[in-house]
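Colleague: For reference, this is start-v4.cif, and it has mmCIF, N, CA and C atoms.
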```cif
data_query
#
loop_
_atom_site.group_PDB
_atom_site.id
_atom_site.type_symbol
_atom_site.label_atom_id
_atom_site.label_comp_id
_atom_site.auth_asym_id
_atom_site.auth_seq_id
_atom_site.Cartn_x
_atom_site.Cartn_y
_atom_site.Cartn_z
ATOM 1 N N MET A 1 11.771 -10.852 -0.965
ATOM 2 C CA MET A 1 10.404 -11.318 -1.022
ATOM 3 C C MET A 1 9.529 -10.406 -0.158
ATOM 4 N N LEU A 2 8.312 -10.181 -0.625
ATOM 5 C CA LEU A 2 7.340 -9.359 0.088
ATOM 6 C C LEU A 2 6.076 -10.172 0.323
ATOM 7 N N LEU A 3 5.479 -9.985 1.476
ATOM 8 C CA LEU A 3 4.182 -10.585 1.758
ATOM 9 C C LEU A 3 3.153 -9.473 1.654
ATOM 10 N N ILE A 4 2.254 -9.578 0.682
ATOM 11 C CA ILE A 4 1.233 -8.554 0.458
ATOM 12 C C ILE A 4 -0.141 -9.195 0.574
ATOM 13 N N GLN A 5 -1.140 -8.358 0.826
ATOM 14 C CA GLN A 5 -2.519 -8.842 0.767
ATOM 15 C C GLN A 5 -3.133 -8.286 -0.510
ATOM 16 N N CYS A 6 -3.591 -9.189 -1.366
ATOM 17 C CA CYS A 6 -4.197 -8.793 -2.627
ATOM 18 C C CYS A 6 -5.585 -8.235 -2.354
ATOM 19 N N PRO A 7 -5.870 -6.996 -2.768
ATOM 20 C CA PRO A 7 -7.196 -6.426 -2.538
ATOM 21 C C PRO A 7 -8.277 -7.058 -3.424
ATOM 22 N N VAL A 8 -7.889 -7.759 -4.464
ATOM 23 C CA VAL A 8 -8.855 -8.401 -5.354
ATOM 24 C C VAL A 8 -9.316 -9.731 -4.769
ATOM 25 N N THR A 9 -8.357 -10.583 -4.396
ATOM 26 C CA THR A 9 -8.689 -11.921 -3.909
ATOM 27 C C THR A 9 -8.743 -12.008 -2.390
ATOM 28 N N ARG A 10 -8.265 -10.976 -1.695
ATOM 29 C CA ARG A 10 -8.201 -10.940 -0.228
ATOM 30 C C ARG A 10 -7.367 -12.080 0.358
ATOM 31 N N THR A 11 -6.353 -12.508 -0.393
ATOM 32 C CA THR A 11 -5.450 -13.539 0.100
ATOM 33 C C THR A 11 -4.062 -12.951 0.271
ATOM 34 N N ASP A 12 -3.284 -13.553 1.154
ATOM 35 C CA ASP A 12 -1.889 -13.147 1.327
ATOM 36 C C ASP A 12 -1.058 -13.799 0.230
ATOM 37 N N GLU A 13 -0.230 -13.008 -0.403
ATOM 38 C CA GLU A 13 0.594 -13.482 -1.514
ATOM 39 C C GLU A 13 2.053 -13.161 -1.233
ATOM 40 N N LEU A 14 2.909 -14.094 -1.532
ATOM 41 C CA LEU A 14 4.350 -13.889 -1.418
ATOM 42 C C LEU A 14 4.871 -13.560 -2.806
ATOM 43 N N VAL A 15 5.432 -12.369 -2.970
ATOM 44 C CA VAL A 15 5.907 -11.935 -4.283
ATOM 45 C C VAL A 15 7.386 -11.583 -4.208
ATOM 46 N N ALA A 16 8.070 -11.767 -5.313
ATOM 47 C CA ALA A 16 9.502 -11.480 -5.385
ATOM 48 C C ALA A 16 9.742 -9.981 -5.486
ATOM 49 N N ASP A 17 10.927 -9.555 -5.062
ATOM 50 C CA ASP A 17 11.305 -8.138 -5.132
ATOM 51 C C ASP A 17 11.260 -7.615 -6.567
ATOM 52 N N ARG A 18 11.531 -8.466 -7.519
ATOM 53 C CA ARG A 18 11.535 -8.017 -8.916
ATOM 54 C C ARG A 18 10.138 -7.637 -9.404
ATOM 55 N N ARG A 19 9.094 -7.948 -8.629
ATOM 56 C CA ARG A 19 7.714 -7.590 -8.988
ATOM 57 C C ARG A 19 7.372 -6.152 -8.594
ATOM 58 N N ILE A 20 8.274 -5.469 -7.897
ATOM 59 C CA ILE A 20 8.071 -4.053 -7.580
ATOM 60 C C ILE A 20 8.275 -3.264 -8.870
ATOM 61 N N ARG A 21 7.252 -2.550 -9.311
ATOM 62 C CA ARG A 21 7.323 -1.814 -10.566
ATOM 63 C C ARG A 21 7.848 -0.403 -10.374
ATOM 64 N N SER A 22 7.487 0.248 -9.267
ATOM 65 C CA SER A 22 8.013 1.588 -9.018
ATOM 66 C C SER A 22 7.824 1.957 -7.553
ATOM 67 N N LEU A 23 8.646 2.880 -7.104
ATOM 68 C CA LEU A 23 8.543 3.483 -5.780
ATOM 69 C C LEU A 23 8.460 4.991 -5.984
ATOM 70 N N VAL A 24 7.482 5.612 -5.339
ATOM 71 C CA VAL A 24 7.307 7.052 -5.470
ATOM 72 C C VAL A 24 7.336 7.653 -4.071
ATOM 73 N N ASN A 25 8.246 8.590 -3.855
ATOM 74 C CA ASN A 25 8.392 9.237 -2.557
ATOM 75 C C ASN A 25 7.533 10.496 -2.521
ATOM 76 N N HIS A 26 6.492 10.489 -1.684
ATOM 77 C CA HIS A 26 5.617 11.641 -1.481
ATOM 78 C C HIS A 26 5.957 12.274 -0.133
ATOM 79 N N PRO A 27 5.527 13.515 0.134
ATOM 80 C CA PRO A 27 5.827 14.148 1.418
ATOM 81 C C PRO A 27 5.258 13.387 2.625
ATOM 82 N N THR A 28 4.133 12.695 2.450
ATOM 83 C CA THR A 28 3.499 12.014 3.582
ATOM 84 C C THR A 28 3.679 10.506 3.584
ATOM 85 N N HIS A 29 4.105 9.927 2.475
ATOM 86 C CA HIS A 29 4.208 8.481 2.400
ATOM 87 C C HIS A 29 5.065 8.059 1.212
ATOM 88 N N ILE A 30 5.337 6.773 1.152
ATOM 89 C CA ILE A 30 5.999 6.174 -0.002
ATOM 90 C C ILE A 30 4.988 5.243 -0.655
ATOM 91 N N ALA A 31 4.791 5.385 -1.948
ATOM 92 C CA ALA A 31 3.873 4.526 -2.689
ATOM 93 C C ALA A 31 4.679 3.482 -3.449
ATOM 94 N N MET A 32 4.338 2.219 -3.240
ATOM 95 C CA MET A 32 5.034 1.116 -3.892
ATOM 96 C C MET A 32 4.045 0.403 -4.811
ATOM 97 N N HIS A 33 4.340 0.376 -6.102
ATOM 98 C CA HIS A 33 3.497 -0.301 -7.084
ATOM 99 C C HIS A 33 4.044 -1.715 -7.261
ATOM 100 N N VAL A 34 3.206 -2.719 -6.964
ATOM 101 C CA VAL A 34 3.639 -4.113 -6.984
ATOM 102 C C VAL A 34 2.757 -4.895 -7.953
ATOM 103 N N GLU A 35 3.405 -5.685 -8.799
ATOM 104 C CA GLU A 35 2.671 -6.576 -9.693
ATOM 105 C C GLU A 35 2.275 -7.827 -8.908
ATOM 106 N N CYS A 36 0.986 -8.076 -8.822
ATOM 107 C CA CYS A 36 0.433 -9.161 -8.011
ATOM 108 C C CYS A 36 0.255 -10.421 -8.862
ATOM 109 N N PRO A 37 0.277 -11.607 -8.243
ATOM 110 C CA PRO A 37 0.006 -12.840 -8.994
ATOM 111 C C PRO A 37 -1.377 -12.866 -9.645
ATOM 112 N N CYS A 38 -2.313 -12.045 -9.187
ATOM 113 C CA CYS A 38 -3.645 -12.009 -9.804
ATOM 114 C C CYS A 38 -3.609 -11.320 -11.164
ATOM 115 N N GLY A 39 -2.485 -10.690 -11.494
ATOM 116 C CA GLY A 39 -2.331 -10.042 -12.790
ATOM 117 C C GLY A 39 -2.441 -8.528 -12.750
ATOM 118 N N ALA A 40 -2.873 -7.972 -11.638
ATOM 119 C CA ALA A 40 -3.033 -6.524 -11.509
ATOM 120 C C ALA A 40 -1.808 -5.910 -10.824
ATOM 121 N N VAL A 41 -1.700 -4.602 -10.949
ATOM 122 C CA VAL A 41 -0.666 -3.855 -10.231
ATOM 123 C C VAL A 41 -1.374 -3.085 -9.117
ATOM 124 N N HIS A 42 -0.964 -3.336 -7.872
ATOM 125 C CA HIS A 42 -1.577 -2.695 -6.719
ATOM 126 C C HIS A 42 -0.607 -1.684 -6.123
ATOM 127 N N VAL A 43 -1.150 -0.656 -5.484
ATOM 128 C CA VAL A 43 -0.340 0.368 -4.838
ATOM 129 C C VAL A 43 -0.442 0.178 -3.332
ATOM 130 N N TYR A 44 0.703 0.074 -2.682
ATOM 131 C CA TYR A 44 0.777 -0.025 -1.229
ATOM 132 C C TYR A 44 1.482 1.213 -0.722
ATOM 133 N N ARG A 45 0.883 1.859 0.272
ATOM 134 C CA ARG A 45 1.438 3.097 0.819
ATOM 135 C C ARG A 45 1.943 2.839 2.227
ATOM 136 N N THR A 46 3.100 3.405 2.530
ATOM 137 C CA THR A 46 3.686 3.244 3.856
ATOM 138 C C THR A 46 4.097 4.601 4.392
ATOM 139 N N GLY A 47 4.187 4.705 5.685
ATOM 140 C CA GLY A 47 4.702 5.929 6.270
ATOM 141 C C GLY A 47 3.924 6.367 7.488
ATOM 142 N N ARG A 48 4.629 6.908 8.450
ATOM 143 C CA ARG A 48 4.032 7.363 9.705
ATOM 144 C C ARG A 48 3.050 8.504 9.462
ATOM 145 N N ARG A 49 3.408 9.465 8.627
ATOM 146 C CA ARG A 49 2.511 10.598 8.365
ATOM 147 C C ARG A 49 1.244 10.147 7.651
ATOM 148 N N TRP A 50 1.370 9.170 6.750
ATOM 149 C CA TRP A 50 0.205 8.640 6.043
ATOM 150 C C TRP A 50 -0.765 8.009 7.042
ATOM 151 N N GLU A 51 -0.254 7.214 7.968
ATOM 152 C CA GLU A 51 -1.106 6.560 8.970
ATOM 153 C C GLU A 51 -1.727 7.583 9.913
ATOM 154 N N ALA A 52 -0.970 8.610 10.282
ATOM 155 C CA ALA A 52 -1.503 9.647 11.168
ATOM 156 C C ALA A 52 -2.635 10.408 10.485
ATOM 157 N N ALA A 53 -2.479 10.709 9.208
ATOM 158 C CA ALA A 53 -3.526 11.419 8.473
ATOM 159 C C ALA A 53 -4.772 10.549 8.345
ATOM 160 N N ARG A 54 -4.596 9.261 8.106
ATOM 161 C CA ARG A 54 -5.750 8.349 8.025
ATOM 162 C C ARG A 54 -6.471 8.274 9.362
ATOM 163 N N ALA A 55 -5.731 8.238 10.450
ATOM 164 C CA ALA A 55 -6.338 8.166 11.784
ATOM 165 C C ALA A 55 -7.130 9.436 12.085
ATOM 166 N N ARG A 56 -6.582 10.602 11.710
ATOM 167 C CA ARG A 56 -7.294 11.865 11.931
ATOM 168 C C ARG A 56 -8.610 11.900 11.152
ATOM 169 N N ARG A 57 -8.568 11.467 9.888
ATOM 170 C CA ARG A 57 -9.792 11.444 9.090
ATOM 171 C C ARG A 57 -10.822 10.493 9.661
ATOM 172 N N ALA A 58 -10.389 9.363 10.169
ATOM 173 C CA ALA A 58 -11.315 8.404 10.774
ATOM 174 C C ALA A 58 -11.962 8.983 12.021
ATOM 175 N N GLU A 59 -11.173 9.687 12.843
ATOM 176 C CA GLU A 59 -11.725 10.317 14.048
ATOM 177 C C GLU A 59 -12.740 11.399 13.685
ATOM 178 N N GLU A 60 -12.450 12.160 12.636
ATOM 179 C CA GLU A 60 -13.376 13.212 12.210
ATOM 180 C C GLU A 60 -14.696 12.615 11.730
ATOM 181 N N LEU A 61 -14.648 11.488 11.045
ATOM 182 C CA LEU A 61 -15.867 10.848 10.587
ATOM 183 C C LEU A 61 -16.696 10.288 11.720
ATOM 184 N N VAL A 62 -16.027 9.746 12.740
ATOM 185 C CA VAL A 62 -16.723 9.174 13.880
ATOM 186 C C VAL A 62 -17.382 10.281 14.707
ATOM 187 N N SER A 63 -16.689 11.398 14.886
ATOM 188 C CA SER A 63 -17.220 12.479 15.716
ATOM 189 C C SER A 63 -18.288 13.310 15.003
ATOM 190 N N ALA A 64 -18.373 13.208 13.689
ATOM 191 C CA ALA A 64 -19.363 14.002 12.929
ATOM 192 C C ALA A 64 -20.753 13.409 12.993
#
```
Kindly present the structure from the file in structure tokens form.

Modeller:
Amino acid sequence: MLLIQCPVTRTDELVADRRIRSLVNHPTHIAMHVECPCGAVHVYRTGRRWEAARARRAEELVSA
């Protein structure tokens, strides 16, 4: 079971593992496509490098 936050309804949803449609391994992160109870398929990205890159971009925007 996975606890996800639906970006459409902004609610926390508990979904079964069988709702994972695909996993894609990228150099900076892993993308997990999950079928949500709202009927859509959402992409969740995980990974230390992904978070570090997001933090760097946020700092660049703040300092600009």

Colleague: Taking the file as shown, what set of residues would the PyMOL selection byres (((chain A and resi 24 and name CA) around 12) and name CA) give back, as a short mmCIF file (atom, residue, chain, number, x, y, z; two decimals) with N, CA and C atoms, in the frame of the given file?

Modeller:
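Contents of expr_26.cif, freshly written:
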```
data_model
loop_
_atom_site.label_atom_id
_atom_site.label_comp_id
_atom_site.auth_asym_id
_atom_site.auth_seq_id
_atom_site.Cartn_x
_atom_site.Cartn_y
_atom_site.Cartn_z
N ILE A 20 8.27 -5.47 -7.90
CA ILE A 20 8.07 -4.05 -7.58
C ILE A 20 8.28 -3.26 -8.87
N ARG A 21 7.25 -2.55 -9.31
CA ARG A 21 7.32 -1.81 -10.57
C ARG A 21 7.85 -0.40 -10.37
N SER A 22 7.49 0.25 -9.27
CA SER A 22 8.01 1.59 -9.02
C SER A 22 7.82 1.96 -7.55
N LEU A 23 8.65 2.88 -7.10
CA LEU A 23 8.54 3.48 -5.78
C LEU A 23 8.46 4.99 -5.98
N ASN A 25 8.25 8.59 -3.86
CA ASN A 25 8.39 9.24 -2.56
C ASN A 25 7.53 10.50 -2.52
N HIS A 26 6.49 10.49 -1.68
CA HIS A 26 5.62 11.64 -1.48
C HIS A 26 5.96 12.27 -0.13
N PRO A 27 5.53 13.52 0.13
CA PRO A 27 5.83 14.15 1.42
C PRO A 27 5.26 13.39 2.62
N THR A 28 4.13 12.70 2.45
CA THR A 28 3.50 12.01 3.58
C THR A 28 3.68 10.51 3.58
N HIS A 29 4.11 9.93 2.48
CA HIS A 29 4.21 8.48 2.40
C HIS A 29 5.07 8.06 1.21
N ILE A 30 5.34 6.77 1.15
CA ILE A 30 6.00 6.17 0.00
C ILE A 30 4.99 5.24 -0.66
N ALA A 31 4.79 5.38 -1.95
CA ALA A 31 3.87 4.53 -2.69
C ALA A 31 4.68 3.48 -3.45
N MET A 32 4.34 2.22 -3.24
CA MET A 32 5.03 1.12 -3.89
C MET A 32 4.04 0.40 -4.81
N HIS A 33 4.34 0.38 -6.10
CA HIS A 33 3.50 -0.30 -7.08
C HIS A 33 4.04 -1.72 -7.26
N VAL A 34 3.21 -2.72 -6.96
CA VAL A 34 3.64 -4.11 -6.98
C VAL A 34 2.76 -4.89 -7.95
N VAL A 43 -1.15 -0.66 -5.48
CA VAL A 43 -0.34 0.37 -4.84
C VAL A 43 -0.44 0.18 -3.33
N TYR A 44 0.70 0.07 -2.68
CA TYR A 44 0.78 -0.02 -1.23
C TYR A 44 1.48 1.21 -0.72
N ARG A 45 0.88 1.86 0.27
CA ARG A 45 1.44 3.10 0.82
C ARG A 45 1.94 2.84 2.23
N THR A 46 3.10 3.40 2.53
CA THR A 46 3.69 3.24 3.86
C THR A 46 4.10 4.60 4.39
#
```

Colleague: Set the distance at 8 Å and use only C-alpha atoms: which residues neighbour Cys36 (chain A) once local chain neighbours fewer than 4 positions away are removed? I'd like the list as a list in words.

Modeller: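 Close residues of Cys36 (chain A): Cys6, Glu13, Val15, Arg19, Ala40, Val41 and His42 of chain A.
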
Colleague: Filtering to N, CA and C atoms, could you give me those residues as a CSV table (one decimal), in the coordinates of the input?

Modeller:
```csv
chain,number,residue,atom,x,y,z
A,6,CYS,N,-3.6,-9.2,-1.4
A,6,CYS,CA,-4.2,-8.8,-2.6
A,6,CYS,C,-5.6,-8.2,-2.4
A,13,GLU,N,-0.2,-13.0,-0.4
A,13,GLU,CA,0.6,-13.5,-1.5
A,13,GLU,C,2.1,-13.2,-1.2
A,15,VAL,N,5.4,-12.4,-3.0
A,15,VAL,CA,5.9,-11.9,-4.3
A,15,VAL,C,7.4,-11.6,-4.2
A,19,ARG,N,9.1,-7.9,-8.6
A,19,ARG,CA,7.7,-7.6,-9.0
A,19,ARG,C,7.4,-6.2,-8.6
A,40,ALA,N,-2.9,-8.0,-11.6
A,40,ALA,CA,-3.0,-6.5,-11.5
A,40,ALA,C,-1.8,-5.9,-10.8
A,41,VAL,N,-1.7,-4.6,-10.9
A,41,VAL,CA,-0.7,-3.9,-10.2
A,41,VAL,C,-1.4,-3.1,-9.1
A,42,HIS,N,-1.0,-3.3,-7.9
A,42,HIS,CA,-1.6,-2.7,-6.7
A,42,HIS,C,-0.6,-1.7,-6.1
```

Colleague: Quick check for you: according to DSSP on this backbone, which residues of chain A are classed as strand (DSSP E)? Reply as a ChimeraX atom specification.

Modeller: /A:2-5,12-15,20-25,30-35,41-46

Colleague: What is the distance, in Å and to one decimal place, between CA of Ile4 (chain A) and CA of Arg49 (chain A)?

Modeller: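 A separation of 20.8 Å between them.
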
Colleague: So how many Å separate CA of Gln5 (chain A) and CA of Trp50 (chain A), to one decimal?

Modeller: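 CA of Gln5 (chain A) sits 18.5 Å away from CA of Trp50 (chain A).
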
Colleague: Could you pull out all residues of region 8-64 of chain A with a DSSP call of helix (DSSP H, G or I) and give them as a list in words?

Modeller: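 Output for region 8-64 of chain A, helix (DSSP H, G or I) only: Asp17, Arg18, Arg19, Arg48, Arg49, Trp50, Glu51, Ala52, Ala53, Arg54, Ala55, Arg56, Arg57, Ala58, Glu59, Glu60, Leu61, Val62 and Ser63 of chain A.
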
Colleague: Figure out the distance between atom N of Glu35 (chain A) and CA of Arg10 (chain A), please, to one decimal in Å.

Modeller: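 We find that CA of Arg10 (chain A) and atom N of Glu35 (chain A) lie 15.4 Å from each other.
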
Colleague: Pick out the closest residue to Cys38 (chain A) from this set: A:Val62, A:Leu2, A:Leu14, A:Arg57. Count only C-alpha atoms.

Modeller: A:Leu14
